[in-house]
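Have a look at coords-v4.tsv; it's TSV, C-alpha atoms:
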chain	number	residue	atom	x	y	z
U	1	MET	CA	-18.67	6.78	36.77
U	2	LYS	CA	-19.92	9.47	34.41
U	3	PRO	CA	-17.55	12.42	33.78
U	4	LEU	CA	-19.91	15.04	35.23
U	5	SER	CA	-21.22	13.12	38.25
U	6	GLY	CA	-21.64	15.57	41.11
U	7	LYS	CA	-21.56	18.61	38.80
U	8	ASN	CA	-24.38	21.16	38.73
U	9	VAL	CA	-25.34	23.29	35.74
U	10	LEU	CA	-27.78	26.19	35.59
U	11	PHE	CA	-29.56	27.03	32.34
U	12	VAL	CA	-31.10	30.51	32.14
U	13	ILE	CA	-34.03	30.95	29.77
U	14	CYS	CA	-36.39	33.72	28.70
U	15	GLN	CA	-39.84	33.71	30.24
U	16	ASN	CA	-41.24	33.82	26.70
U	17	ASP	CA	-39.74	32.74	23.38
U	18	PHE	CA	-36.62	30.86	24.46
U	19	ARG	CA	-35.35	28.52	21.75
U	20	ASP	CA	-36.51	25.00	22.68
U	21	GLU	CA	-33.61	22.93	21.33
U	22	GLU	CA	-31.03	25.37	22.69
U	23	LEU	CA	-32.18	24.25	26.13
U	24	SER	CA	-33.12	20.62	25.44
U	25	HIS	CA	-30.09	19.45	23.41
U	26	PRO	CA	-27.34	20.82	25.69
U	27	ARG	CA	-29.27	19.66	28.76
U	28	GLU	CA	-29.55	16.14	27.30
U	29	GLU	CA	-25.77	16.06	26.70
U	30	LEU	CA	-24.98	17.28	30.23
U	31	VAL	CA	-27.44	14.96	31.98
U	32	ALA	CA	-26.19	11.99	29.92
U	33	ALA	CA	-22.69	12.83	31.20
U	34	GLY	CA	-23.96	12.76	34.79
U	35	ALA	CA	-24.61	16.46	35.56
U	36	GLN	CA	-27.60	17.78	37.46
U	37	ALA	CA	-29.34	20.53	35.47
U	38	LYS	CA	-31.56	23.29	36.84
U	39	VAL	CA	-33.42	26.00	34.94
U	40	ALA	CA	-33.86	29.63	35.97
U	41	SER	CA	-36.03	32.34	34.48
U	42	ARG	CA	-37.33	35.71	35.67
U	43	GLU	CA	-40.32	34.02	37.28
U	44	ARG	CA	-41.14	30.51	38.47
U	45	THR	CA	-44.25	30.45	36.29
U	46	PRO	CA	-44.10	28.20	33.20
U	47	ALA	CA	-41.78	29.59	30.52
U	48	LYS	CA	-42.75	29.16	26.88
U	49	GLY	CA	-40.44	28.16	24.06
U	50	MET	CA	-40.65	29.43	20.50
U	51	LEU	CA	-41.54	25.96	19.21
U	52	GLY	CA	-44.09	25.11	21.90
U	53	ALA	CA	-42.01	23.70	24.77
U	54	VAL	CA	-43.14	24.62	28.26
U	55	GLU	CA	-40.49	24.66	31.00
U	56	ASN	CA	-41.18	24.98	34.72
U	57	PRO	CA	-38.20	26.93	36.12
U	58	ASP	CA	-36.63	25.55	39.30
U	59	LEU	CA	-35.74	29.04	40.55
U	60	THR	CA	-35.68	32.66	39.54
U	61	ILE	CA	-32.58	34.33	38.11
U	62	ARG	CA	-32.52	36.59	41.18
U	63	GLU	CA	-32.36	33.55	43.50
U	64	ALA	CA	-29.49	31.91	41.62
U	65	ARG	CA	-25.95	31.98	43.04
U	66	ALA	CA	-22.94	31.21	40.87
U	67	SER	CA	-21.30	29.38	43.80
U	68	ASP	CA	-24.00	26.67	43.58
U	69	TYR	CA	-23.07	25.68	40.02
U	70	ASP	CA	-20.15	24.43	37.97
U	71	ALA	CA	-21.52	26.19	34.89
U	72	VAL	CA	-24.04	28.92	34.07
U	73	VAL	CA	-25.48	28.77	30.55
U	74	ALA	CA	-27.67	31.43	28.90
U	75	VAL	CA	-30.07	30.04	26.30
U	76	GLY	CA	-31.11	32.05	23.24
U	77	GLY	CA	-34.28	32.59	21.29
U	78	ARG	CA	-36.40	35.43	19.98
U	79	GLY	CA	-37.17	36.67	23.52
U	80	THR	CA	-33.51	37.10	24.48
U	81	PRO	CA	-33.07	40.84	23.73
U	82	GLU	CA	-36.19	41.68	25.76
U	83	HIS	CA	-35.72	39.21	28.61
U	84	LEU	CA	-31.99	38.50	29.05
U	85	TRP	CA	-30.08	41.41	27.51
U	86	THR	CA	-31.68	43.73	30.06
U	87	ASP	CA	-31.56	41.49	33.15
U	88	GLY	CA	-29.12	42.92	35.68
U	89	ASP	CA	-29.48	39.87	37.94
U	90	LEU	CA	-28.38	37.62	35.09
U	91	HIS	CA	-25.46	39.91	34.25
U	92	ARG	CA	-24.32	39.75	37.91
U	93	LEU	CA	-24.68	35.95	37.90
U	94	LEU	CA	-22.61	35.59	34.72
U	95	ARG	CA	-19.88	37.90	36.05
U	96	GLU	CA	-19.76	36.01	39.38
U	97	ALA	CA	-19.49	32.68	37.54
U	98	ARG	CA	-16.69	33.99	35.31
U	99	GLU	CA	-14.78	35.53	38.24
U	100	ALA	CA	-15.05	32.23	40.16
U	101	GLY	CA	-13.58	30.28	37.24
U	102	LYS	CA	-16.83	28.49	36.41
U	103	VAL	CA	-17.81	27.54	32.88
U	104	VAL	CA	-19.95	30.26	31.30
U	105	GLY	CA	-21.98	29.48	28.19
U	106	GLY	CA	-24.18	31.36	25.76
U	107	ILE	CA	-25.95	30.18	22.63
U	108	CYS	CA	-27.66	32.09	19.82
U	109	LEU	CA	-28.60	35.65	20.85
U	110	SER	CA	-27.24	34.93	24.33
U	111	GLY	CA	-23.70	35.24	23.01
U	112	ALA	CA	-24.60	38.93	23.10
U	113	THR	CA	-26.05	38.47	26.61
U	114	LEU	CA	-22.56	37.45	27.75
U	115	ALA	CA	-21.03	40.46	25.99
U	116	ILE	CA	-23.52	42.83	27.64
U	117	ALA	CA	-22.71	41.27	31.02
U	118	GLY	CA	-19.04	42.10	30.42
U	119	VAL	CA	-17.65	38.56	30.36
U	120	LEU	CA	-16.46	38.48	26.72
U	121	LYS	CA	-13.98	41.37	26.73
U	122	GLY	CA	-11.04	40.17	24.60
U	123	VAL	CA	-12.54	36.65	24.34
U	124	GLU	CA	-13.05	34.75	21.08
U	125	SER	CA	-16.75	33.97	20.90
U	126	THR	CA	-19.76	33.69	18.61
U	127	CYS	CA	-23.49	34.37	18.56
U	128	TYR	CA	-26.49	34.38	16.26
U	129	VAL	CA	-25.79	37.33	14.00
U	130	THR	CA	-28.22	40.21	13.78
U	131	ASP	CA	-27.36	43.89	13.52
U	132	ALA	CA	-28.21	44.28	17.22
U	133	SER	CA	-26.26	41.22	18.42
U	134	LYS	CA	-23.17	42.20	16.41
U	135	LYS	CA	-23.36	45.71	17.89
U	136	GLU	CA	-23.59	44.31	21.44
U	137	MET	CA	-20.66	41.95	20.81
U	138	GLU	CA	-18.59	44.91	19.59
U	139	LYS	CA	-19.61	47.10	22.56
U	140	GLY	CA	-18.64	44.25	24.91
U	141	GLN	CA	-15.26	44.01	23.14
U	142	ALA	CA	-15.77	40.36	22.21
U	143	ILE	CA	-13.58	38.92	19.46
U	144	PHE	CA	-16.26	37.62	17.08
U	145	VAL	CA	-15.50	34.30	15.37
U	146	GLU	CA	-17.81	33.02	12.67
U	147	LYS	CA	-18.01	29.37	13.73
U	148	PRO	CA	-20.87	27.23	15.08
U	149	VAL	CA	-19.20	26.68	18.48
U	150	VAL	CA	-16.28	28.58	20.00
U	151	VAL	CA	-14.48	27.42	23.15
U	152	SER	CA	-12.22	30.00	24.80
U	153	GLY	CA	-10.97	28.45	28.01
U	154	ARG	CA	-13.95	28.33	30.38
U	155	ILE	CA	-16.26	30.26	28.02
U	156	VAL	CA	-18.32	28.33	25.48
U	157	THR	CA	-20.50	30.09	22.88
U	158	ALA	CA	-22.56	28.84	19.94
U	159	ASN	CA	-24.35	30.56	17.07
U	160	GLY	CA	-27.80	28.99	17.16
U	161	PRO	CA	-30.13	25.99	16.99
U	162	PRO	CA	-28.13	23.85	14.50
U	163	ALA	CA	-25.13	24.04	16.88
U	164	ALA	CA	-27.11	23.15	20.03
U	165	ARG	CA	-25.98	19.51	20.24
U	166	GLU	CA	-22.31	20.40	19.57
U	167	PHE	CA	-22.63	23.22	22.12
U	168	GLY	CA	-23.78	20.68	24.71
U	169	LYS	CA	-20.81	18.41	23.99
U	170	ALA	CA	-18.43	21.38	24.26
U	171	LEU	CA	-19.96	22.28	27.64
U	172	VAL	CA	-19.46	18.70	28.85
U	173	SER	CA	-15.81	18.87	27.81
U	174	ALA	CA	-15.22	22.29	29.41
U	175	ILE	CA	-16.87	21.31	32.71
U	176	SER	CA	-15.04	17.98	32.91
U	177	LYS	CA	-11.70	19.86	32.67
U	178	GLY	CA	-12.59	21.94	35.72
Could you express the structure from this file as structure tokens?
Amino acid sequence: MKPLSGKNVLFVICQNDFRDEELSHPREELVAAGAQAKVASRERTPAKGMLGAVENPDLTIREARASDYDAVVAVGGRGTPEHLWTDGDLHRLLREAREAGKVVGGICLSGATLAIAGVLKGVESTCYVTDASKKEMEKGQAIFVEKPVVVSGRIVTANGPPAAREFGKALVSAISKG
């Protein structure tokens, strides 16, 4: 039996300009370990990746419930500040997942998404560094660590595309411990 058989993971992506491999690589790792993966975005219409991927979301962020998943993972990309940093439904979803002891993940600029949602207060974490993302991490009282992937209990963060595969493996490990 695969370690994540029966586990459900939700990936949340931007409607436009999510980072393709930050969705595809972690999803491949999770599915290979036996997890079921769903994708949410603001709308059910096809979402477009920065490198040309097109993803058909299974549900909207508003429809998603943390109780249906073992992990909620926010994907990064150029569209993140516009689409995910400002999404109150996503922030609620991330807080509910954290409060329920689920695995919460964020890669690239979505490390800051987690900070904005209030789930990184006092938590060692990382993100793709820009002036804006660093500022949001500080405002959210995250403890910034300059490493490709940081695991702090049930929270897994990564700093960008080169870390996407390692991020996926870290998510598999974190979920299998739960």
Item to check | Contact residues around region 68-78 of chain U with all atoms listed in the file at 7 Å, ignoring same-chain residues under 3 positions, as a ChimeraX atom specification | outcome: /U:7-13,17-19,22-23,65,94,97,102-110,175
Output C-alpha atoms of each residue in that selection to a file, as a PDB file, in the coordinates of the input.
ATOM      1  CA  LYS U   7     -21.560  18.610  38.800  1.00  0.00           C
ATOM      2  CA  ASN U   8     -24.380  21.160  38.730  1.00  0.00           C
ATOM      3  CA  VAL U   9     -25.340  23.290  35.740  1.00  0.00           C
ATOM      4  CA  LEU U  10     -27.780  26.190  35.590  1.00  0.00           C
ATOM      5  CA  PHE U  11     -29.560  27.030  32.340  1.00  0.00           C
ATOM      6  CA  VAL U  12     -31.100  30.510  32.140  1.00  0.00           C
ATOM      7  CA  ILE U  13     -34.030  30.950  29.770  1.00  0.00           C
ATOM      8  CA  ASP U  17     -39.740  32.740  23.380  1.00  0.00           C
ATOM      9  CA  PHE U  18     -36.620  30.860  24.460  1.00  0.00           C
ATOM     10  CA  ARG U  19     -35.350  28.520  21.750  1.00  0.00           C
ATOM     11  CA  GLU U  22     -31.030  25.370  22.690  1.00  0.00           C
ATOM     12  CA  LEU U  23     -32.180  24.250  26.130  1.00  0.00           C
ATOM     13  CA  ARG U  65     -25.950  31.980  43.040  1.00  0.00           C
ATOM     14  CA  LEU U  94     -22.610  35.590  34.720  1.00  0.00           C
ATOM     15  CA  ALA U  97     -19.490  32.680  37.540  1.00  0.00           C
ATOM     16  CA  LYS U 102     -16.830  28.490  36.410  1.00  0.00           C
ATOM     17  CA  VAL U 103     -17.810  27.540  32.880  1.00  0.00           C
ATOM     18  CA  VAL U 104     -19.950  30.260  31.300  1.00  0.00           C
ATOM     19  CA  GLY U 105     -21.980  29.480  28.190  1.00  0.00           C
ATOM     20  CA  GLY U 106     -24.180  31.360  25.760  1.00  0.00           C
ATOM     21  CA  ILE U 107     -25.950  30.180  22.630  1.00  0.00           C
ATOM     22  CA  CYS U 108     -27.660  32.090  19.820  1.00  0.00           C
ATOM     23  CA  LEU U 109     -28.600  35.650  20.850  1.00  0.00           C
ATOM     24  CA  SER U 110     -27.240  34.930  24.330  1.00  0.00           C
ATOM     25  CA  ILE U 175     -16.870  21.310  32.710  1.00  0.00           C
TER      26      ILE U 175
END
Checklist entry - Which residue out of U:Ser176, U:Gln141, U:Thr113, U:Ser125 has the minimum interatomic distance to Val156 (chain U) when only C-alpha atoms are used? => result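 Under the stated criterion, the closest residue is U:Ser125.
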Checklist entry - Pick from U:Arg42, U:Lys135, U:Arg27, U:Arg92: nearest to Val172 (chain U), with all atoms listed in the file counted? => result U:Arg27
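Distances here use all atoms listed in the file; by that measure, the residue among U:Met137, U:Ala66, U:Leu84, U:Leu120 closest to Gly153 (chain U) is U:Leu120.
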Checklist outcome for this item: Nearest to Asn16 (chain U), restricted to all atoms listed in the file and choosing among U:Val54, U:Leu114, U:Leu93, U:Val31, comes out as U:Val54
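As for CA of Met50 (chain U) and CA of Ala37 (chain U), they are spaced 20.8 Å apart.
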Next on the checklist: Using all atoms listed in the file, can you tell me which of U:Pro81, U:Ala170, U:Arg95, U:Lys2 comes closest to Glu136 (chain U)?
Outcome noted: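 For Glu136 (chain U), the nearest of the candidates is U:Pro81.
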Rebuild region 23-49 of chain U so that it carries N, CA and C atoms, then output the result as an mmCIF file, in the coordinates of the input.
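Resulting contents of part37.cif:
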data_model
loop_
_atom_site.group_PDB
_atom_site.id
_atom_site.type_symbol
_atom_site.label_atom_id
_atom_site.label_comp_id
_atom_site.auth_asym_id
_atom_site.auth_seq_id
_atom_site.Cartn_x
_atom_site.Cartn_y
_atom_site.Cartn_z
ATOM 1 N N LEU U 23 -32.125 24.739 24.754
ATOM 2 C CA LEU U 23 -32.180 24.250 26.130
ATOM 3 C C LEU U 23 -32.122 22.713 26.129
ATOM 4 N N SER U 24 -32.977 22.078 25.346
ATOM 5 C CA SER U 24 -33.120 20.620 25.440
ATOM 6 C C SER U 24 -31.868 19.858 25.002
ATOM 7 N N HIS U 25 -31.247 20.216 23.888
ATOM 8 C CA HIS U 25 -30.090 19.450 23.410
ATOM 9 C C HIS U 25 -28.876 19.552 24.339
ATOM 10 N N PRO U 26 -28.468 20.757 24.745
ATOM 11 C CA PRO U 26 -27.340 20.820 25.690
ATOM 12 C C PRO U 26 -27.660 20.136 27.022
ATOM 13 N N ARG U 27 -28.891 20.300 27.492
ATOM 14 C CA ARG U 27 -29.270 19.660 28.760
ATOM 15 C C ARG U 27 -29.182 18.146 28.638
ATOM 16 N N GLU U 28 -29.647 17.595 27.520
ATOM 17 C CA GLU U 28 -29.550 16.140 27.300
ATOM 18 C C GLU U 28 -28.097 15.682 27.354
ATOM 19 N N GLU U 29 -27.196 16.425 26.718
ATOM 20 C CA GLU U 29 -25.770 16.060 26.700
ATOM 21 C C GLU U 29 -25.186 16.093 28.121
ATOM 22 N N LEU U 30 -25.515 17.131 28.874
ATOM 23 C CA LEU U 30 -24.980 17.280 30.230
ATOM 24 C C LEU U 30 -25.531 16.220 31.175
ATOM 25 N N VAL U 31 -26.822 15.963 31.109
ATOM 26 C CA VAL U 31 -27.440 14.960 31.980
ATOM 27 C C VAL U 31 -26.913 13.565 31.630
ATOM 28 N N ALA U 32 -26.744 13.287 30.339
ATOM 29 C CA ALA U 32 -26.190 11.990 29.920
ATOM 30 C C ALA U 32 -24.780 11.787 30.462
ATOM 31 N N ALA U 33 -24.055 12.905 30.662
ATOM 32 C CA ALA U 33 -22.690 12.830 31.200
ATOM 33 C C ALA U 33 -22.678 12.833 32.725
ATOM 34 N N GLY U 34 -23.878 12.882 33.338
ATOM 35 C CA GLY U 34 -23.960 12.760 34.790
ATOM 36 C C GLY U 34 -24.259 14.034 35.561
ATOM 37 N N ALA U 35 -24.363 15.178 34.869
ATOM 38 C CA ALA U 35 -24.610 16.460 35.560
ATOM 39 C C ALA U 35 -26.060 16.568 36.011
ATOM 40 N N GLN U 36 -26.260 17.368 37.051
ATOM 41 C CA GLN U 36 -27.600 17.780 37.460
ATOM 42 C C GLN U 36 -27.855 19.125 36.787
ATOM 43 N N ALA U 37 -29.022 19.279 36.171
ATOM 44 C CA ALA U 37 -29.340 20.530 35.470
ATOM 45 C C ALA U 37 -30.564 21.177 36.093
ATOM 46 N N LYS U 38 -30.440 22.475 36.357
ATOM 47 C CA LYS U 38 -31.560 23.290 36.840
ATOM 48 C C LYS U 38 -31.818 24.381 35.811
ATOM 49 N N VAL U 39 -33.031 24.941 35.871
ATOM 50 C CA VAL U 39 -33.420 26.000 34.940
ATOM 51 C C VAL U 39 -33.908 27.204 35.744
ATOM 52 N N ALA U 40 -33.418 28.377 35.362
ATOM 53 C CA ALA U 40 -33.860 29.630 35.970
ATOM 54 C C ALA U 40 -34.464 30.532 34.907
ATOM 55 N N SER U 41 -35.437 31.321 35.326
ATOM 56 C CA SER U 41 -36.030 32.340 34.480
ATOM 57 C C SER U 41 -36.407 33.507 35.396
ATOM 58 N N ARG U 42 -36.965 34.558 34.835
ATOM 59 C CA ARG U 42 -37.330 35.710 35.670
ATOM 60 C C ARG U 42 -38.349 35.343 36.728
ATOM 61 N N GLU U 43 -39.258 34.441 36.369
ATOM 62 C CA GLU U 43 -40.320 34.020 37.280
ATOM 63 C C GLU U 43 -40.332 32.501 37.346
ATOM 64 N N ARG U 44 -40.996 31.962 38.360
ATOM 65 C CA ARG U 44 -41.140 30.510 38.470
ATOM 66 C C ARG U 44 -42.337 29.984 37.678
ATOM 67 N N THR U 45 -43.103 30.876 37.090
ATOM 68 C CA THR U 45 -44.250 30.450 36.290
ATOM 69 C C THR U 45 -43.746 29.775 35.015
ATOM 70 N N PRO U 46 -44.568 28.911 34.394
ATOM 71 C CA PRO U 46 -44.100 28.200 33.200
ATOM 72 C C PRO U 46 -43.579 29.157 32.119
ATOM 73 N N ALA U 47 -42.405 28.821 31.595
ATOM 74 C CA ALA U 47 -41.780 29.590 30.520
ATOM 75 C C ALA U 47 -42.125 28.902 29.197
ATOM 76 N N LYS U 48 -42.316 29.711 28.165
ATOM 77 C CA LYS U 48 -42.750 29.160 26.880
ATOM 78 C C LYS U 48 -41.667 29.300 25.817
ATOM 79 N N GLY U 49 -41.407 28.180 25.138
ATOM 80 C CA GLY U 49 -40.440 28.160 24.060
ATOM 81 C C GLY U 49 -41.053 28.593 22.737
#
